Amino acid sequence: MLESLLISTGLPILLDIFKSAGGAISRKWLGLSVDDQIKLDGANIERLKALATLDNPYGVPSLWVVNLRGAFRYVAAGILVFGGLALAYYGSYKIDTELVTAGLDLAVSPFGFIFGERLVLSYKGGNR
């Protein structure tokens, strides 16, 4: 259970460090001119515009659709937490340590989704 908790909270931080370090190392060894950096930034902006265009619903969706879309991460996390706790309870009732461990691992796993972004922002010193 502790391993699942540490992985779900530590993985976003480690991935962010890896992504940041990869860019810095490539700029140091391969070199990057100002013109190349401007081209890369322009390509990144165009990619974000394309993603925004794909995400546009083109019209006014129903309010329940907007609310469900905004709450989906938390609804799914709640289902995983309560389902995992139910599985752990069932495993303790049947005296099956594998079910208890699996249930607790399932219940702990959404922790990174809920608190991972805040941990990364506090690590980076960004807005909270």
# chains A, B, ... in the order shown; residues from 1 in each chain; ligands from 1
call {"tool": "residues_around", "arguments": {"residues": "Leu85 of chain A", "least_positions_apart": "6", "cutoff": "10 Å", "atoms": "only C-alpha atoms", "output": "list in words"}}
result
Ile79, Gly91, Val100, Ala102, Gly103, Leu104, Asp105, Leu106, Ala107 and Val108 of chain A
call {"tool": "select_by_dssp", "arguments": {"residues": "chain A", "states": "helix (DSSP H, G or I)", "output": "ChimeraX atom specification"}}
result
/A:2-30,34-55,63-93,97-108,111-124
call {"tool": "residues_around", "arguments": {"residues": "Gly112 of chain A", "least_positions_apart": "5", "cutoff": "9 Å", "atoms": "only C-alpha atoms", "output": "VMD selection string"}}
result
chain A and resid 5 to 12 117 119
call {"tool": "write_last_selection", "arguments": {"atoms": "C-alpha atoms", "output": "short mmCIF file (atom, residue, chain, number, x, y, z; two decimals), in the first residue's frame"}}
result
data_model
loop_
_atom_site.label_atom_id
_atom_site.label_comp_id
_atom_site.auth_asym_id
_atom_site.auth_seq_id
_atom_site.Cartn_x
_atom_site.Cartn_y
_atom_site.Cartn_z
CA LEU A 5 0.93 5.88 -2.38
CA LEU A 6 4.54 6.86 -3.02
CA ILE A 7 4.32 6.04 -6.72
CA SER A 8 1.05 7.93 -7.23
CA THR A 9 2.41 11.06 -5.56
CA GLY A 10 6.06 10.89 -6.57
CA LEU A 11 5.69 9.92 -10.21
CA PRO A 12 4.33 13.31 -11.40
CA GLU A 117 -0.95 18.60 -9.36
CA LEU A 119 2.35 18.77 -5.08
#
